[in-house]
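Participant: Hey, dropping upload.csv in here, CSV, C-alpha atoms (C1' of nucleotides):
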```csv
chain,number,residue,atom,x,y,z
S,1,MET,CA,38.3,3.0,-12.0
S,2,PRO,CA,38.4,5.8,-9.5
S,3,THR,CA,38.8,6.0,-5.9
S,4,HIS,CA,40.8,3.5,-4.1
S,5,HIS,CA,41.8,5.3,-0.9
S,6,LEU,CA,40.4,8.8,-1.1
S,7,GLY,CA,41.9,9.2,2.3
S,8,PRO,CA,40.4,9.0,5.7
S,9,ALA,CA,39.7,12.8,6.0
S,10,ASN,CA,37.6,12.6,2.8
S,11,GLU,CA,35.8,9.6,4.2
S,12,ILE,CA,34.9,11.4,7.4
S,13,VAL,CA,33.5,14.3,5.5
S,14,ALA,CA,31.5,12.0,3.3
S,15,LEU,CA,30.1,10.0,6.2
S,16,ASP,CA,29.1,13.2,8.0
S,17,ALA,CA,27.3,14.5,4.9
S,18,TYR,CA,25.6,11.1,4.4
S,19,ILE,CA,24.3,11.0,8.0
S,20,LYS,CA,23.0,14.6,7.8
S,21,LEU,CA,21.4,13.8,4.5
S,22,LEU,CA,19.5,10.8,6.0
S,23,ARG,CA,18.6,12.7,9.1
S,24,ALA,CA,17.2,15.6,7.1
S,25,ALA,CA,15.1,13.3,4.9
S,26,GLU,CA,13.8,11.3,7.9
S,27,SER,CA,13.2,14.4,9.9
S,28,VAL,CA,11.1,16.2,7.2
S,29,THR,CA,9.2,13.1,6.3
S,30,SER,CA,8.3,12.3,9.8
S,31,ARG,CA,6.9,15.8,10.3
S,32,VAL,CA,5.1,15.7,7.0
S,33,HIS,CA,3.6,12.4,8.1
S,34,GLN,CA,2.1,14.0,11.1
S,35,THR,CA,0.0,16.3,8.9
S,36,LEU,CA,-1.6,13.2,7.2
S,37,PRO,CA,-4.8,11.7,8.5
S,38,ALA,CA,-3.8,9.1,11.1
S,39,ASP,CA,-4.8,6.1,9.0
S,40,LEU,CA,-3.0,7.2,5.8
S,41,THR,CA,0.6,6.2,5.4
S,42,VAL,CA,3.3,8.1,3.5
S,43,THR,CA,3.4,5.5,0.8
S,44,GLN,CA,-0.4,5.6,0.4
S,45,PHE,CA,-0.3,9.3,0.1
S,46,GLY,CA,2.4,8.9,-2.6
S,47,VAL,CA,0.2,6.7,-4.6
S,48,LEU,CA,-2.8,9.0,-4.4
S,49,GLU,CA,-0.7,12.0,-5.1
S,50,THR,CA,0.8,10.4,-8.2
S,51,LEU,CA,-2.6,9.4,-9.6
S,52,PHE,CA,-3.9,12.9,-8.8
S,53,HIS,CA,-1.2,14.6,-10.8
S,54,LEU,CA,-0.6,12.0,-13.6
S,55,GLY,CA,-4.0,10.4,-14.0
S,56,PRO,CA,-4.8,6.7,-14.1
S,57,LEU,CA,-1.7,4.4,-14.3
S,58,CYS,CA,-1.0,0.7,-14.3
S,59,GLN,CA,0.7,-0.7,-11.3
S,60,ASN,CA,4.1,-1.1,-12.9
S,61,GLN,CA,4.2,2.6,-13.9
S,62,LEU,CA,3.2,3.5,-10.4
S,63,ALA,CA,6.0,1.4,-9.0
S,64,THR,CA,8.5,3.0,-11.3
S,65,LYS,CA,7.4,6.5,-10.4
S,66,LEU,CA,7.5,5.8,-6.7
S,67,LEU,CA,10.7,3.7,-6.8
S,68,LYS,CA,9.0,0.8,-5.1
S,69,SER,CA,8.9,-2.9,-6.1
S,70,SER,CA,5.8,-4.1,-7.9
S,71,ALA,CA,5.2,-6.6,-5.1
S,72,ASN,CA,5.0,-3.7,-2.7
S,73,LEU,CA,2.5,-1.8,-4.9
S,74,THR,CA,0.3,-4.8,-4.9
S,75,LEU,CA,-0.2,-4.6,-1.2
S,76,VAL,CA,-0.4,-0.8,-0.9
S,77,VAL,CA,-2.9,-0.6,-3.8
S,78,ALA,CA,-4.9,-3.4,-2.2
S,79,ASN,CA,-5.1,-1.4,1.1
S,80,LEU,CA,-6.2,1.7,-0.7
S,81,GLU,CA,-8.8,-0.2,-2.6
S,82,LYS,CA,-10.1,-1.6,0.7
S,83,ALA,CA,-10.4,1.9,1.9
S,84,GLY,CA,-12.4,2.8,-1.2
S,85,LEU,CA,-10.0,5.5,-2.4
S,86,ILE,CA,-9.0,3.9,-5.7
S,87,LYS,CA,-10.3,1.4,-8.3
S,88,ARG,CA,-8.6,-1.4,-10.2
S,89,VAL,CA,-9.7,-2.2,-13.7
S,90,ARG,CA,-8.3,-4.9,-15.8
S,91,GLN,CA,-7.5,-3.6,-19.3
S,92,ALA,CA,-9.6,-5.3,-22.0
S,93,GLU,CA,-6.9,-4.9,-24.7
S,94,ASP,CA,-4.2,-6.6,-22.7
S,95,LEU,CA,-5.4,-8.6,-19.8
S,96,ARG,CA,-2.0,-8.5,-18.0
S,97,PHE,CA,-2.5,-4.8,-17.2
S,98,ILE,CA,-4.5,-3.3,-14.4
S,99,THR,CA,-5.4,0.3,-14.5
S,100,ILE,CA,-5.4,2.1,-11.2
S,101,SER,CA,-7.5,5.2,-10.9
S,102,LEU,CA,-8.9,7.4,-8.1
S,103,SER,CA,-12.4,6.7,-7.0
S,104,PRO,CA,-14.6,9.8,-6.7
S,105,ARG,CA,-14.0,9.7,-3.0
S,106,GLY,CA,-10.3,9.3,-3.5
S,107,GLN,CA,-10.3,12.2,-5.9
S,108,ALA,CA,-12.1,14.5,-3.5
S,109,PHE,CA,-9.9,13.2,-0.6
S,110,ILE,CA,-6.6,13.9,-2.3
S,111,ALA,CA,-7.7,17.2,-3.8
S,112,LYS,CA,-8.4,18.5,-0.4
S,113,LEU,CA,-5.4,16.9,1.3
S,114,PHE,CA,-2.6,17.7,-1.2
S,115,PRO,CA,-2.6,21.5,-0.7
S,116,LYS,CA,-2.2,21.1,3.0
S,117,VAL,CA,0.8,18.7,2.6
S,118,ALA,CA,2.4,21.0,0.0
S,119,ALA,CA,2.0,23.9,2.3
S,120,ARG,CA,3.5,21.9,5.1
S,121,ILE,CA,6.6,21.0,3.0
S,122,ALA,CA,7.0,24.6,2.0
S,123,GLU,CA,7.1,25.4,5.7
S,124,GLU,CA,9.6,22.7,6.4
S,125,PHE,CA,11.9,24.3,3.8
S,126,ALA,CA,11.2,27.8,4.9
S,127,SER,CA,14.4,27.8,6.9
S,128,LEU,CA,16.3,27.8,3.6
S,129,THR,CA,16.5,30.8,1.3
S,130,ALA,CA,15.5,30.4,-2.3
S,131,ALA,CA,19.1,30.3,-3.3
S,132,GLU,CA,19.8,27.6,-0.7
S,133,LYS,CA,16.9,25.5,-1.9
S,134,ALA,CA,18.2,25.7,-5.4
S,135,GLU,CA,21.6,24.7,-4.3
S,136,LEU,CA,20.2,21.8,-2.4
S,137,CYS,CA,18.4,20.7,-5.5
S,138,ARG,CA,21.6,20.9,-7.5
S,139,LEU,CA,23.6,18.8,-5.0
S,140,THR,CA,21.0,16.2,-4.3
S,141,LYS,CA,20.4,15.8,-8.0
S,142,LYS,CA,24.0,14.9,-8.5
S,143,LEU,CA,23.9,12.3,-5.8
S,144,GLY,CA,20.6,10.8,-7.0
S,145,LEU,CA,21.6,10.6,-10.6
S,146,ARG,CA,24.8,8.8,-9.8
S,147,ALA,CA,25.2,5.6,-11.9
S,148,PRO,CA,23.8,2.6,-10.0
S,149,SER,CA,26.9,0.9,-8.6
S,150,THR,CA,30.4,2.0,-9.8
J,1,MET,CA,3.0,31.4,13.6
J,2,PRO,CA,4.4,32.1,10.2
J,3,THR,CA,3.6,30.9,6.8
J,4,HIS,CA,0.1,30.8,5.6
J,5,HIS,CA,0.3,31.0,1.9
J,6,LEU,CA,4.0,31.3,1.0
J,7,GLY,CA,2.8,31.3,-2.5
J,8,PRO,CA,2.6,28.4,-5.0
J,9,ALA,CA,5.9,29.2,-6.6
J,10,ASN,CA,7.6,28.8,-3.3
J,11,GLU,CA,5.7,25.5,-2.8
J,12,ILE,CA,6.8,24.2,-6.1
J,13,VAL,CA,10.4,24.8,-5.3
J,14,ALA,CA,10.1,23.3,-1.9
J,15,LEU,CA,8.4,20.2,-3.3
J,16,ASP,CA,11.1,19.8,-5.9
J,17,ALA,CA,13.8,20.1,-3.3
J,18,TYR,CA,12.0,17.6,-1.0
J,19,ILE,CA,11.7,15.0,-3.8
J,20,LYS,CA,15.3,15.4,-4.7
J,21,LEU,CA,16.4,15.1,-1.1
J,22,LEU,CA,14.4,11.9,-0.7
J,23,ARG,CA,15.7,10.5,-4.0
J,24,ALA,CA,19.3,11.2,-3.1
J,25,ALA,CA,19.0,9.6,0.3
J,26,GLU,CA,17.3,6.5,-1.1
J,27,SER,CA,19.6,6.3,-4.0
J,28,VAL,CA,22.8,6.4,-1.9
J,29,THR,CA,21.4,4.1,0.7
J,30,SER,CA,20.4,1.5,-1.8
J,31,ARG,CA,23.8,1.5,-3.4
J,32,VAL,CA,25.5,1.3,0.0
J,33,HIS,CA,23.2,-1.6,0.8
J,34,GLN,CA,24.6,-3.5,-2.1
J,35,THR,CA,28.0,-3.5,-0.6
J,36,LEU,CA,26.7,-5.2,2.6
J,37,PRO,CA,26.7,-9.0,2.8
J,38,ALA,CA,23.4,-10.3,1.4
J,39,ASP,CA,22.0,-11.3,4.8
J,40,LEU,CA,22.8,-8.1,6.6
J,41,THR,CA,20.2,-5.3,6.6
J,42,VAL,CA,21.0,-1.6,6.7
J,43,THR,CA,19.5,-1.3,10.2
J,44,GLN,CA,21.5,-4.3,11.4
J,45,PHE,CA,24.6,-2.6,10.1
J,46,GLY,CA,23.7,0.6,11.9
J,47,VAL,CA,23.5,-1.3,15.2
J,48,LEU,CA,26.8,-3.0,14.7
J,49,GLU,CA,28.5,0.3,13.6
J,50,THR,CA,27.1,2.2,16.6
J,51,LEU,CA,28.4,-0.5,19.0
J,52,PHE,CA,31.7,-0.5,17.2
J,53,HIS,CA,32.3,3.2,17.6
J,54,LEU,CA,30.6,3.9,20.9
J,55,GLY,CA,31.1,0.6,22.8
J,56,PRO,CA,28.3,-1.3,24.7
J,57,LEU,CA,25.0,0.4,25.0
J,58,CYS,CA,21.6,-0.4,26.4
J,59,GLN,CA,18.8,-0.8,24.0
J,60,ASN,CA,17.2,2.5,24.7
J,61,GLN,CA,20.4,4.4,24.0
J,62,LEU,CA,20.8,2.5,20.7
J,63,ALA,CA,17.2,3.4,19.7
J,64,THR,CA,17.9,7.0,20.4
J,65,LYS,CA,21.1,7.1,18.4
J,66,LEU,CA,19.5,5.3,15.5
J,67,LEU,CA,16.2,7.3,15.7
J,68,LYS,CA,14.2,4.1,15.9
J,69,SER,CA,11.5,2.9,18.3
J,70,SER,CA,12.6,0.7,21.1
J,71,ALA,CA,10.1,-1.9,19.9
J,72,ASN,CA,12.0,-2.0,16.7
J,73,LEU,CA,15.3,-2.4,18.4
J,74,THR,CA,14.0,-5.4,20.3
J,75,LEU,CA,13.5,-7.2,17.0
J,76,VAL,CA,16.7,-6.1,15.3
J,77,VAL,CA,18.8,-6.9,18.3
J,78,ALA,CA,17.1,-10.3,18.6
J,79,ASN,CA,18.0,-11.1,15.0
J,80,LEU,CA,21.6,-10.0,15.5
J,81,GLU,CA,21.8,-12.1,18.6
J,82,LYS,CA,20.5,-15.1,16.7
J,83,ALA,CA,23.2,-14.5,14.1
J,84,GLY,CA,25.8,-14.5,17.0
J,85,LEU,CA,27.1,-11.0,16.3
J,86,ILE,CA,26.0,-9.4,19.6
J,87,LYS,CA,25.4,-10.3,23.2
J,88,ARG,CA,22.6,-9.2,25.6
J,89,VAL,CA,23.5,-8.9,29.3
J,90,ARG,CA,21.0,-7.9,32.0
J,91,GLN,CA,22.6,-5.3,34.2
J,92,ALA,CA,22.9,-6.5,37.8
J,93,GLU,CA,22.5,-3.1,39.4
J,94,ASP,CA,19.3,-2.3,37.6
J,95,LEU,CA,17.5,-5.3,36.2
J,96,ARG,CA,15.5,-3.2,33.8
J,97,PHE,CA,18.5,-2.5,31.6
J,98,ILE,CA,20.0,-4.8,29.1
J,99,THR,CA,23.5,-4.0,27.9
J,100,ILE,CA,24.1,-4.8,24.2
J,101,SER,CA,27.7,-5.5,23.2
J,102,LEU,CA,29.5,-7.0,20.2
J,103,SER,CA,30.4,-10.6,20.4
J,104,PRO,CA,34.0,-11.5,19.4
J,105,ARG,CA,32.6,-12.6,16.0
J,106,GLY,CA,30.6,-9.4,15.7
J,107,GLN,CA,33.6,-7.3,16.6
J,108,ALA,CA,35.8,-8.9,13.9
J,109,PHE,CA,32.9,-8.8,11.5
J,110,ILE,CA,32.2,-5.1,11.7
J,111,ALA,CA,35.9,-4.2,12.0
J,112,LYS,CA,36.4,-5.8,8.6
J,113,LEU,CA,33.2,-4.5,7.1
J,114,PHE,CA,33.1,-0.9,8.2
J,115,PRO,CA,36.1,0.4,6.2
J,116,LYS,CA,34.6,-1.0,3.0
J,117,VAL,CA,31.3,0.7,3.7
J,118,ALA,CA,33.0,4.0,4.6
J,119,ALA,CA,35.0,3.8,1.3
J,120,ARG,CA,31.8,3.1,-0.5
J,121,ILE,CA,30.1,6.2,0.9
J,122,ALA,CA,33.1,8.3,0.1
J,123,GLU,CA,32.8,7.1,-3.5
J,124,GLU,CA,29.1,8.0,-3.6
J,125,PHE,CA,30.0,11.5,-2.5
J,126,ALA,CA,33.0,11.8,-4.8
J,127,SER,CA,30.8,13.6,-7.4
J,128,LEU,CA,30.7,16.5,-5.0
J,129,THR,CA,33.7,18.8,-4.3
J,130,ALA,CA,34.8,19.3,-0.7
J,131,ALA,CA,33.1,22.7,-0.7
J,132,GLU,CA,29.9,21.2,-2.0
J,133,LYS,CA,29.9,18.4,0.6
J,134,ALA,CA,30.3,21.1,3.3
J,135,GLU,CA,27.5,23.1,1.8
J,136,LEU,CA,25.3,20.0,1.8
J,137,CYS,CA,26.1,19.4,5.4
J,138,ARG,CA,25.1,23.0,6.3
J,139,LEU,CA,21.8,22.8,4.4
J,140,THR,CA,20.7,19.4,5.6
J,141,LYS,CA,21.6,20.3,9.1
J,142,LYS,CA,19.2,23.2,9.0
J,143,LEU,CA,16.5,20.9,7.8
J,144,GLY,CA,17.2,18.2,10.3
J,145,LEU,CA,17.4,20.5,13.3
J,146,ARG,CA,14.1,22.1,12.6
J,147,ALA,CA,11.8,22.1,15.6
J,148,PRO,CA,9.5,19.0,15.6
J,149,SER,CA,6.2,20.3,14.3
J,150,THR,CA,5.6,24.0,14.1
N,1,DA,C1',-0.9,-23.7,-34.3
N,2,DG,C1',2.4,-24.5,-30.6
N,3,DT,C1',6.3,-23.5,-28.1
N,4,DT,C1',9.2,-20.1,-26.1
N,5,DG,C1',10.5,-16.0,-24.0
N,6,DG,C1',9.2,-11.7,-22.0
N,7,DT,C1',6.1,-8.8,-19.2
N,8,DG,C1',2.4,-7.5,-15.5
N,9,DG,C1',0.8,-8.9,-11.3
N,10,DT,C1',0.4,-11.9,-7.1
N,11,DT,C1',2.1,-14.8,-3.4
N,12,DT,C1',5.4,-16.1,0.1
N,13,DG,C1',8.8,-15.5,3.6
N,14,DA,C1',11.7,-12.6,6.1
N,15,DC,C1',12.8,-8.2,8.0
N,16,DA,C1',11.6,-3.4,9.3
N,17,DT,C1',8.7,-0.1,11.5
N,18,DC,C1',5.5,2.1,14.6
N,19,DA,C1',1.8,2.8,18.1
N,20,DA,C1',-0.3,1.0,21.9
N,21,DA,C1',-0.9,-2.3,25.4
N,22,DC,C1',1.6,-4.9,28.6
N,23,DT,C1',5.3,-6.7,32.1
N,24,DA,C1',9.0,-6.1,35.1
N,25,DC,C1',11.4,-3.3,37.8
N,26,DC,C1',13.0,0.8,40.3
N,27,DT,C1',12.1,4.9,43.3
N,28,DC,C1',9.9,8.0,46.0
N,29,DG,C1',6.4,9.6,49.2
N,30,DG,C1',3.4,8.6,53.0
A,1,DC,C1',6.5,-1.1,54.3
A,2,DC,C1',3.5,-0.3,50.6
A,3,DG,C1',1.4,1.9,46.9
A,4,DA,C1',1.9,5.4,42.9
A,5,DG,C1',4.3,6.8,39.2
A,6,DG,C1',8.0,6.3,36.0
A,7,DT,C1',11.4,3.7,33.0
A,8,DA,C1',13.3,-0.4,30.1
A,9,DG,C1',12.0,-3.8,27.4
A,10,DT,C1',8.6,-7.0,25.1
A,11,DT,C1',4.4,-8.2,22.6
A,12,DT,C1',0.8,-7.5,19.3
A,13,DG,C1',-1.3,-5.9,15.2
A,14,DA,C1',-1.0,-3.4,11.2
A,15,DT,C1',1.7,-1.6,7.3
A,16,DG,C1',5.6,-1.3,4.4
A,17,DT,C1',9.5,-3.4,2.0
A,18,DC,C1',12.1,-6.6,-1.0
A,19,DA,C1',13.7,-10.8,-3.4
A,20,DA,C1',12.3,-14.8,-5.4
A,21,DA,C1',9.1,-18.0,-6.9
A,22,DC,C1',5.0,-18.2,-9.3
A,23,DC,C1',0.8,-17.5,-12.5
A,24,DA,C1',-1.4,-15.4,-16.4
A,25,DC,C1',-1.1,-13.5,-20.6
A,26,DC,C1',1.0,-11.7,-24.9
A,27,DA,C1',4.0,-11.8,-28.9
A,28,DA,C1',7.1,-13.7,-31.9
A,29,DC,C1',9.2,-17.3,-34.3
A,30,DT,C1',9.4,-21.7,-36.3
```
Would you kindly transcribe this structure into structure tokens?
Facilitator:
Amino acid sequence: MPTHHLGPANEIVALDAYIKLLRAAESVTSRVHQTLPADLTVTQFGVLETLFHLGPLCQNQLATKLLKSSANLTLVVANLEKAGLIKRVRQAEDLRFITISLSPRGQAFIAKLFPKVAARIAEEFASLTAAEKAELCRLTKKLGLRAPST
Amino acid sequence: MPTHHLGPANEIVALDAYIKLLRAAESVTSRVHQTLPADLTVTQFGVLETLFHLGPLCQNQLATKLLKSSANLTLVVANLEKAGLIKRVRQAEDLRFITISLSPRGQAFIAKLFPKVAARIAEEFASLTAAEKAELCRLTKKLGLRAPST
DNA sequence: AGTTGGTGGTTTGACATCAAACTACCTCGG
DNA sequence: CCGAGGTAGTTTGATGTCAAACCACCAACT
């Protein structure tokens, strides 16, 4: 119901904010990516980190957590399995499910890597005060939670 | 040289802010994407929009504006050319350069589409007050401008 | 039991994305 | 004039990404 013609001035401000939002996200992510081992992608890190903190999950749950399609996860998980960092086990009770868990190597790998990445992200945000970080959380949360499509 | 151990509390806040920043960007972008014609990708829109507002550019300039690799632009531009929305013209003075410009169809297309997308973005940001939008700009700008790698 | 519908996962096809190797071209110094 | 180095763009190979079609399995209902 809202918002036919909010006015061009309003649009300009919104466009500007949107561009800066994208730039900030891309910018931080690209610098975080640089701290990862060369052959580990951001998405792969995301999978390992999620398993590390939440324990074994099936692929669908992983996809939901990471906001990715399940088709996507099939590929990423396959690559991580090739690399020997995770295991896939078909659940006996319901053969549709596949439980993804960290391999011992994967566990050690992410346990060592995660603190470095966390420290890196903290550094990236060090240019903001605590109050500013909190305010950023508040504003981005509003945007993120917005109902899908008006 | 700063910033060994900023402390775990600090890290938690930074991680939280980072996640919310990513979610907000993804969330808004995915909803903006829904307003585009089904066969137009966000990147393709970005190229058309840039040409629309800045006029003809060579591929390298486009890549810089859009923060993409020049290899990437080669593909995106090729797809847009296939769709008949842009033209590629080798510059006579320096044969290395290729000028990308909107075709008449592309010009009409983006002229009609852009206002819709701008309005959509304004709607997405309507949950923030003007002051909040300004604050978001200020904070994200700080993050985006951070020196590449410490 | 058998069909029917829903759910988890895979496959396919198209696009995006980058790094790195490569081509074509320009320019500058000898 | 010619070779060296630099720049614009393309190609290649790997990954990510999604929608849509597909397969396998479960559950529920008749």
Participant: May I have the residues of chain J within 8 Å of chain A, counting all atoms listed in the file, written as a list in words?
Facilitator: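 Using all atoms listed in the file, chain J residues at most 8 Å from chain A: Asn60, Ser70, Ala71, Thr74, Arg96 and Phe97 of chain J.
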Participant: Quick one: of S:Leu85, S:Ala63, S:Ala118, S:Leu48, who's nearest to chain N, counting all atoms listed in the file?
Facilitator: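 Of S:Leu85, S:Ala63, S:Ala118, S:Leu48, the one nearest chain N, counting all atoms listed in the file, is S:Ala63.
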Participant: Got a sec to pull out which chain N residues are within 12 Å of chain J, counting all atoms listed in the file, and send them as a PDB file with C-alpha atoms (C1' of nucleotides), in the frame of the given file?
Facilitator:
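So the final result, stored in selection_35.pdb, reads:
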```pdb
ATOM      1  C1'  DA N  14      11.700 -12.600   6.100  1.00  0.00           C
ATOM      2  C1'  DC N  15      12.800  -8.200   8.000  1.00  0.00           C
ATOM      3  C1'  DA N  16      11.600  -3.400   9.300  1.00  0.00           C
ATOM      4  C1'  DT N  17       8.700  -0.100  11.500  1.00  0.00           C
ATOM      5  C1'  DC N  18       5.500   2.100  14.600  1.00  0.00           C
ATOM      6  C1'  DA N  19       1.800   2.800  18.100  1.00  0.00           C
ATOM      7  C1'  DA N  20      -0.300   1.000  21.900  1.00  0.00           C
ATOM      8  C1'  DT N  23       5.300  -6.700  32.100  1.00  0.00           C
ATOM      9  C1'  DA N  24       9.000  -6.100  35.100  1.00  0.00           C
ATOM     10  C1'  DC N  25      11.400  -3.300  37.800  1.00  0.00           C
ATOM     11  C1'  DC N  26      13.000   0.800  40.300  1.00  0.00           C
ATOM     12  C1'  DT N  27      12.100   4.900  43.300  1.00  0.00           C
TER      13       DT N  27
END
```
Participant: Starting from chain S, keep only residues with some atom at most 8 Å from an atom of chain J, counting only C-alpha atoms, and report them as a ChimeraX atom specification.
Facilitator: /S:3-6,10-11,13-18,20-25,27-28,31,118-119,121-125,127-128,132-134,136-137,139-146,148-149
Participant: Counting all atoms listed in the file, which of S:Leu40, S:Ala78, S:Glu49, S:Leu62 gets nearest to Leu102 in chain S?
Facilitator: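 Once distances to Leu102 in chain S are computed over all atoms listed in the file, the minimum belongs to S:Glu49.
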Participant: Work out how far CA of Leu80 in chain J is from CA of Gly55 in chain J, in Å to one decimal.
Facilitator: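 Between CA of Gly55 in chain J and CA of Leu80 in chain J the gap is 16.0 Å.
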Participant: Leaving out Gln107 in chain J and any residue of its chain fewer than 4 positions from it, which residues lie within 12 Å of it when counting all atoms listed in the file, given as a list of chain:residue names?
Facilitator: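 In the requested format, the answer is J:Val47, J:Leu48, J:Glu49, J:Thr50, J:Leu51, J:Phe52, J:His53, J:Gly55, J:Pro56, J:Gly84, J:Leu85, J:Ile86, J:Lys87, J:Ser101, J:Leu102, J:Ser103, J:Ala111, J:Lys112, J:Leu113, J:Phe114.
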Participant: How many Å separate CA of Pro37 in chain S from CA of Phe109 in chain S?
Facilitator: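 Straight-line distance from CA of Pro37 in chain S to CA of Phe109 in chain S works out to 10.5 Å.
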